[in-house]
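Coordinates from data.cif are shown below (mmCIF, C-alpha atoms).
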```cif
data_input
#
loop_
_atom_site.label_atom_id
_atom_site.label_comp_id
_atom_site.auth_asym_id
_atom_site.auth_seq_id
_atom_site.Cartn_x
_atom_site.Cartn_y
_atom_site.Cartn_z
CA MET A 728 -2.50 28.20 -4.53
CA ASP A 729 -5.65 26.12 -4.90
CA LEU A 730 -5.83 22.85 -6.79
CA LYS A 731 -6.41 22.66 -10.55
CA LEU A 732 -7.33 19.33 -12.11
CA ASP A 733 -7.65 18.26 -15.71
CA HIS A 734 -7.52 14.98 -17.58
CA HIS A 735 -7.40 13.54 -21.08
CA SER A 736 -7.03 10.10 -22.62
CA GLU A 737 -4.35 8.80 -24.96
CA ASP A 738 -4.99 5.26 -26.14
CA ARG A 739 -5.71 3.22 -23.02
CA LEU A 740 -3.96 5.68 -20.71
CA THR A 741 -5.76 8.49 -18.88
CA ILE A 742 -3.46 11.36 -17.97
CA VAL A 743 -4.51 13.39 -14.93
CA GLU A 744 -2.90 16.84 -14.77
CA VAL A 745 -2.61 18.20 -11.23
CA GLU A 746 -1.51 21.74 -10.39
CA GLY A 747 -1.29 23.45 -6.99
CA GLU A 748 -1.54 22.12 -3.45
CA ILE A 749 -2.83 18.68 -2.46
CA ASP A 750 -3.69 18.81 1.22
CA VAL A 751 -6.49 18.00 3.66
CA TYR A 752 -8.59 20.79 2.12
CA THR A 753 -8.14 20.03 -1.57
CA ALA A 754 -7.46 16.27 -1.61
CA PRO A 755 -11.18 15.33 -1.63
CA ARG A 756 -11.46 16.89 -5.11
CA LEU A 757 -8.66 14.71 -6.43
CA ARG A 758 -10.23 11.67 -4.77
CA GLU A 759 -13.59 12.43 -6.43
CA LEU A 760 -11.92 12.76 -9.83
CA LEU A 761 -10.04 9.46 -9.49
CA ILE A 762 -13.20 7.67 -8.33
CA ASP A 763 -15.16 9.16 -11.22
CA LEU A 764 -12.53 8.11 -13.77
CA VAL A 765 -12.46 4.55 -12.46
CA ASN A 766 -16.25 4.37 -12.37
CA LYS A 767 -16.24 5.38 -16.04
CA GLY A 768 -13.89 2.55 -16.95
CA ASN A 769 -10.52 4.34 -16.94
CA PHE A 770 -8.29 1.78 -15.25
CA HIS A 771 -4.84 2.95 -16.40
CA LEU A 772 -4.13 6.32 -14.82
CA LEU A 773 -1.03 8.51 -15.05
CA VAL A 774 -1.00 11.39 -12.55
CA ASN A 775 1.27 14.22 -13.68
CA MET A 776 2.52 15.97 -10.53
CA GLU A 777 5.10 18.24 -12.13
CA LYS A 778 3.05 21.34 -11.22
CA VAL A 779 2.20 20.24 -7.69
CA ASP A 780 3.56 22.74 -5.14
CA PHE A 781 2.63 20.83 -2.01
CA LEU A 782 1.65 17.25 -1.14
CA ASP A 783 0.92 15.89 2.31
CA SER A 784 -0.11 12.50 3.69
CA THR A 785 -3.78 13.20 2.92
CA GLY A 786 -2.80 13.46 -0.73
CA LEU A 787 -0.77 10.27 -0.44
CA GLY A 788 -3.85 8.56 0.99
CA VAL A 789 -5.89 9.63 -2.02
CA LEU A 790 -3.25 8.30 -4.44
CA VAL A 791 -3.05 5.00 -2.54
CA GLY A 792 -6.85 4.79 -2.59
CA GLY A 793 -6.83 5.37 -6.33
CA LEU A 794 -4.18 2.71 -6.82
CA LYS A 795 -6.27 0.22 -4.88
CA ARG A 796 -9.32 0.99 -7.01
CA VAL A 797 -7.54 0.52 -10.35
CA ARG A 798 -5.77 -2.63 -9.16
CA ALA A 799 -9.19 -4.13 -8.47
CA HIS A 800 -9.68 -3.89 -12.26
CA ASP A 801 -6.14 -5.07 -13.12
CA GLY A 802 -5.31 -1.46 -13.84
CA SER A 803 -2.44 0.84 -12.92
CA LEU A 804 -1.86 4.23 -11.32
CA GLU A 805 1.54 5.74 -11.96
CA LEU A 806 3.06 9.14 -11.37
CA VAL A 807 5.18 11.71 -13.16
CA CYS A 808 7.31 13.64 -10.70
CA THR A 809 10.84 15.05 -10.67
CA GLN A 810 10.49 17.58 -7.85
CA GLU A 811 12.74 16.60 -4.98
CA ARG A 812 10.48 18.09 -2.30
CA ILE A 813 7.55 15.97 -3.52
CA LEU A 814 9.64 12.84 -4.08
CA LYS A 815 10.96 13.13 -0.54
CA ILE A 816 7.57 12.40 1.00
CA PHE A 817 7.23 9.27 -1.17
CA ARG A 818 10.66 8.12 0.01
CA ILE A 819 9.94 8.82 3.69
CA THR A 820 6.77 6.74 3.54
CA GLY A 821 8.24 3.94 1.43
CA LEU A 822 5.73 4.59 -1.35
CA THR A 823 8.42 4.72 -4.01
CA LYS A 824 8.12 0.92 -3.88
CA VAL A 825 4.38 1.08 -4.50
CA PHE A 826 4.06 3.61 -7.33
CA GLY A 827 5.79 3.67 -10.66
CA ILE A 828 7.35 7.16 -10.77
CA TYR A 829 8.56 8.59 -14.07
CA ALA A 830 10.51 11.68 -15.05
CA SER A 831 8.13 12.70 -17.85
CA VAL A 832 4.79 11.86 -19.40
CA ASP A 833 6.56 10.58 -22.51
CA GLU A 834 8.74 8.25 -20.46
CA ALA A 835 5.68 6.90 -18.66
CA LYS A 836 3.79 6.44 -21.93
CA GLU A 837 6.72 4.59 -23.40
CA ALA A 838 6.92 2.27 -20.38
CA HIS A 839 3.16 1.77 -20.46
CA GLY A 840 3.31 0.88 -24.14
CA ARG A 841 5.98 -1.74 -23.47
CA ASP A 842 3.79 -3.32 -20.78
CA LYS A 843 0.74 -3.70 -23.05
CA MET B 840 11.69 33.55 24.36
CA ALA B 841 9.21 35.00 21.87
CA THR B 842 6.09 33.03 21.14
CA VAL B 843 3.25 33.27 18.65
CA GLU B 844 0.12 31.33 19.52
CA LEU B 845 -2.77 30.58 17.20
CA THR B 846 -6.00 28.72 17.78
CA PHE B 847 -8.19 27.71 14.88
CA SER B 848 -11.41 25.81 14.27
CA ALA B 849 -11.10 22.23 13.03
CA LEU B 850 -11.63 23.13 9.38
CA PRO B 851 -9.36 21.82 6.59
CA ALA B 852 -9.14 25.29 5.03
CA HIS B 853 -7.34 26.62 8.12
CA VAL B 854 -4.49 24.13 7.82
CA ARG B 855 -3.03 26.07 4.91
CA THR B 856 -3.16 29.27 6.98
CA ALA B 857 -1.34 27.54 9.84
CA ARG B 858 1.47 26.23 7.65
CA LEU B 859 1.90 29.57 5.88
CA LEU B 860 2.16 31.28 9.26
CA ALA B 861 4.67 28.71 10.50
CA THR B 862 6.81 29.10 7.37
CA ALA B 863 6.79 32.89 7.64
CA ILE B 864 7.82 32.83 11.30
CA ALA B 865 10.45 30.16 10.66
CA ARG B 866 11.99 32.40 8.00
CA ARG B 867 12.03 35.39 10.33
CA THR B 868 13.51 33.26 13.10
CA GLY B 869 16.45 32.36 10.89
CA VAL B 870 15.66 28.80 9.87
CA GLU B 871 17.66 27.96 6.74
CA GLU B 872 15.80 28.40 3.46
CA SER B 873 16.54 24.75 2.60
CA LEU B 874 14.59 23.64 5.70
CA LEU B 875 11.51 25.79 5.15
CA ASP B 876 9.80 23.19 2.96
CA GLU B 877 10.26 20.67 5.76
CA VAL B 878 8.77 23.08 8.30
CA ARG B 879 5.82 23.75 6.01
CA LEU B 880 5.13 20.05 5.42
CA ALA B 881 5.65 18.93 9.03
CA VAL B 882 3.42 21.67 10.47
CA GLY B 883 0.81 20.93 7.81
CA GLU B 884 0.89 17.25 8.71
CA ALA B 885 0.49 17.93 12.42
CA CYS B 886 -2.40 20.34 11.84
CA SER B 887 -4.11 18.03 9.31
CA ARG B 888 -3.93 15.15 11.78
CA ALA B 889 -5.41 17.37 14.50
CA VAL B 890 -8.22 18.62 12.23
CA GLU B 891 -9.18 15.06 11.24
CA ALA B 892 -9.11 13.94 14.89
CA HIS B 893 -11.26 16.89 16.00
CA ARG B 894 -13.76 16.33 13.20
CA LEU B 895 -14.21 12.78 14.49
CA HIS B 896 -14.31 13.50 18.21
CA CYS B 897 -14.84 17.18 19.06
CA PRO B 898 -15.53 19.39 16.02
CA GLY B 899 -16.42 22.41 18.17
CA GLU B 900 -13.08 22.53 19.98
CA PRO B 901 -10.21 24.66 18.64
CA ILE B 902 -6.73 23.39 17.77
CA ARG B 903 -3.75 25.24 19.22
CA ILE B 904 -0.38 25.91 17.64
CA GLU B 905 2.54 27.60 19.39
CA LEU B 906 5.63 28.82 17.54
CA CYS B 907 8.67 29.82 19.59
CA ASP B 908 12.30 30.74 19.12
CA ASP B 909 14.21 29.38 22.06
CA SER B 910 17.97 28.91 22.46
CA GLY B 911 18.72 29.02 18.76
CA ARG B 912 15.93 26.68 17.75
CA PHE B 913 12.56 27.21 16.10
CA GLU B 914 9.99 25.13 17.96
CA VAL B 915 6.41 24.34 16.96
CA ILE B 916 3.88 22.67 19.25
CA VAL B 917 0.52 21.51 17.90
CA THR B 918 -2.01 20.52 20.56
CA ASP B 919 -5.43 18.99 20.02
CA SER B 920 -8.22 17.90 22.34
CA ALA B 921 -9.26 14.65 20.68
CA PRO B 922 -8.65 11.41 22.61
CA SER B 923 -5.84 9.52 20.96
CA ASP B 924 -4.25 6.14 21.24
CA GLU B 925 -2.09 6.70 18.17
CA GLN B 926 1.49 5.65 18.42
CA GLY B 927 4.52 7.89 18.30
CA PRO B 928 7.07 8.11 15.49
CA GLU B 929 9.24 5.38 16.99
CA PHE B 930 6.74 2.88 15.61
CA GLY B 931 7.64 3.84 12.08
CA VAL B 932 5.80 4.04 8.79
CA PRO B 933 2.80 1.78 8.22
CA ARG B 934 3.70 -1.07 5.85
CA PHE B 935 2.36 -0.50 2.36
CA ASP B 936 0.74 -3.94 2.15
CA ASP B 937 -1.30 -2.83 5.18
CA ILE B 938 -2.07 0.46 3.46
CA LEU B 939 -3.28 -1.20 0.29
CA GLY B 940 -5.48 -3.44 2.43
CA GLN B 941 -7.40 -0.43 3.73
CA GLY B 942 -10.42 1.08 2.07
CA PRO B 943 -9.74 3.38 -0.88
CA GLY B 944 -8.98 6.97 0.03
CA VAL B 945 -9.12 6.42 3.77
CA PHE B 946 -7.41 8.80 6.16
CA MET B 947 -4.07 7.33 7.25
CA PRO B 948 -3.18 8.96 10.58
CA GLY B 949 0.01 6.94 11.13
CA PHE B 950 1.37 8.31 7.86
CA GLY B 951 1.19 11.91 9.05
CA ILE B 952 3.25 11.25 12.15
CA ALA B 953 5.70 9.12 10.19
CA VAL B 954 6.17 11.98 7.73
CA ILE B 955 6.75 14.45 10.57
CA ALA B 956 9.31 12.11 12.11
CA GLY B 957 11.08 11.93 8.76
CA LEU B 958 11.13 15.70 8.34
CA ALA B 959 11.65 17.45 11.64
CA ASP B 960 15.08 17.63 13.18
CA ASP B 961 13.63 16.82 16.60
CA VAL B 962 10.14 15.42 17.28
CA GLU B 963 8.23 14.36 20.37
CA VAL B 964 4.69 12.98 20.26
CA TYR B 965 2.61 12.84 23.42
CA PRO B 966 -0.66 10.93 22.85
CA SER B 967 -3.24 10.82 25.64
CA GLN B 968 -6.94 10.45 26.24
CA LYS B 969 -7.15 14.25 26.57
CA GLY B 970 -5.53 14.88 23.20
CA MET B 971 -2.25 14.73 21.36
CA ARG B 972 0.66 17.13 21.61
CA ILE B 973 3.28 17.15 18.86
CA ARG B 974 6.44 19.13 19.50
CA MET B 975 8.97 19.59 16.72
CA SER B 976 11.92 21.86 16.24
CA TRP B 977 14.58 22.91 13.78
CA PRO B 978 17.86 24.80 14.14
CA ALA B 979 17.56 28.56 13.71
CA ALA B 980 20.42 30.88 12.86
CA ALA B 981 21.73 32.98 15.72
CA GLY B 982 21.19 36.09 13.63
CA GLY B 983 17.53 35.36 12.99
CA LEU B 984 14.96 38.06 13.57
CA SER B 985 12.50 37.92 16.41
CA PRO B 986 9.28 36.20 15.28
CA VAL B 987 7.11 38.87 16.91
#
```
This structure in structure tokens:
Amino acid sequence: MDLKLDHHSEDRLTIVEVEGEIDVYTAPRLRELLIDLVNKGNFHLLVNMEKVDFLDSTGLGVLVGGLKRVRAHDGSLELVCTQERILKIFRITGLTKVFGIYASVDEAKEAHGRDK
Amino acid sequence: MATVELTFSALPAHVRTARLLATAIARRTGVEESLLDEVRLAVGEACSRAVEAHRLHCPGEPIRIELCDDSGRFEVIVTDSAPSDEQGPEFGVPRFDDILGQGPGVFMPGFGIAVIAGLADDVEVYPSQKGMRIRMSWPAAAGGLSPV
């Protein structure tokens, strides 16, 4: 499956919907989207990965790059993910300590609201 | 021993083909269903790393992948021709404060090998100036079908 990307804003939070495979072939599209969102002033990003079938280290690199960009503007990049096979790669690389990872968009929005 | 060999150009689009092939052969060889995701990810990581290295150093050279069933194990060897001084998996995962210090969206080669080391049951990485060879294997059921 290819990669499908969409995004919408709710209050100060921009939710990025990702579906399909994030790998060395498709990751540049996600990187371009994250860069574009930051360049347009969206500094609080929530990436919903519930429909992601595959994620490799190239995809992790893109997410880390996005996190670095938003942090430069005192922003945040957090994730929604409950799939064990995707969470495993975050655990192996220690990135569970870097990203906020939530079980649902609502849970993430609630946490984000508390942090305002 | 039955072996499937594949060579492919250093194009990102071919990495998906390589990991689909590896997963299909692993299934036929009798690798447990619960391990197939690990095979898919580890082979994808090895091939992605090779593609990135070739694009930097030798874009015209092909990347080689061998898939074998040998003595009850499913073995995958990914060989590239790009000079490498990368470290093996024993050096562990890059620290995330280092990662966040890098440029946004940069390729993180150490991550790929660290992920492979975390996934494959048995991994050996042989870096050299003539290229890198990554060998990884998983247990295969005795009743598995021949991969060819």
>> Please find the residues of chain A near chain B - the criterion being any atom within 8 Å, counting only C-alpha atoms - and write them as a VMD selection string.
In response: chain A and resid 751 to 752 758 781 to 785 788 to 793 795 to 796 812 816 819 to 822 825
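Minimum distance to Val915 in chain B across B:Ala863, B:Ala980, B:Val964, B:Val882 (counting all atoms listed in the file) occurs at B:Val882.
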> Hey, can you check how far CA of Ala754 in chain A sits from CA of Leu730 in chain A?
Replying inline: 8.5 Å
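Across the model, the gap from CA of Met776 in chain A to CA of Glu748 in chain A is 10.2 Å.
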> Residues at most 10 Å from Arg903 in chain B, counting all atoms listed in the file, excluding those fewer than 3 positions away in the same chain, as an NGL selection string?
Replying inline: :B and (844-848 or 857 or 886 or 889 or 900 or 916-920 or 972)
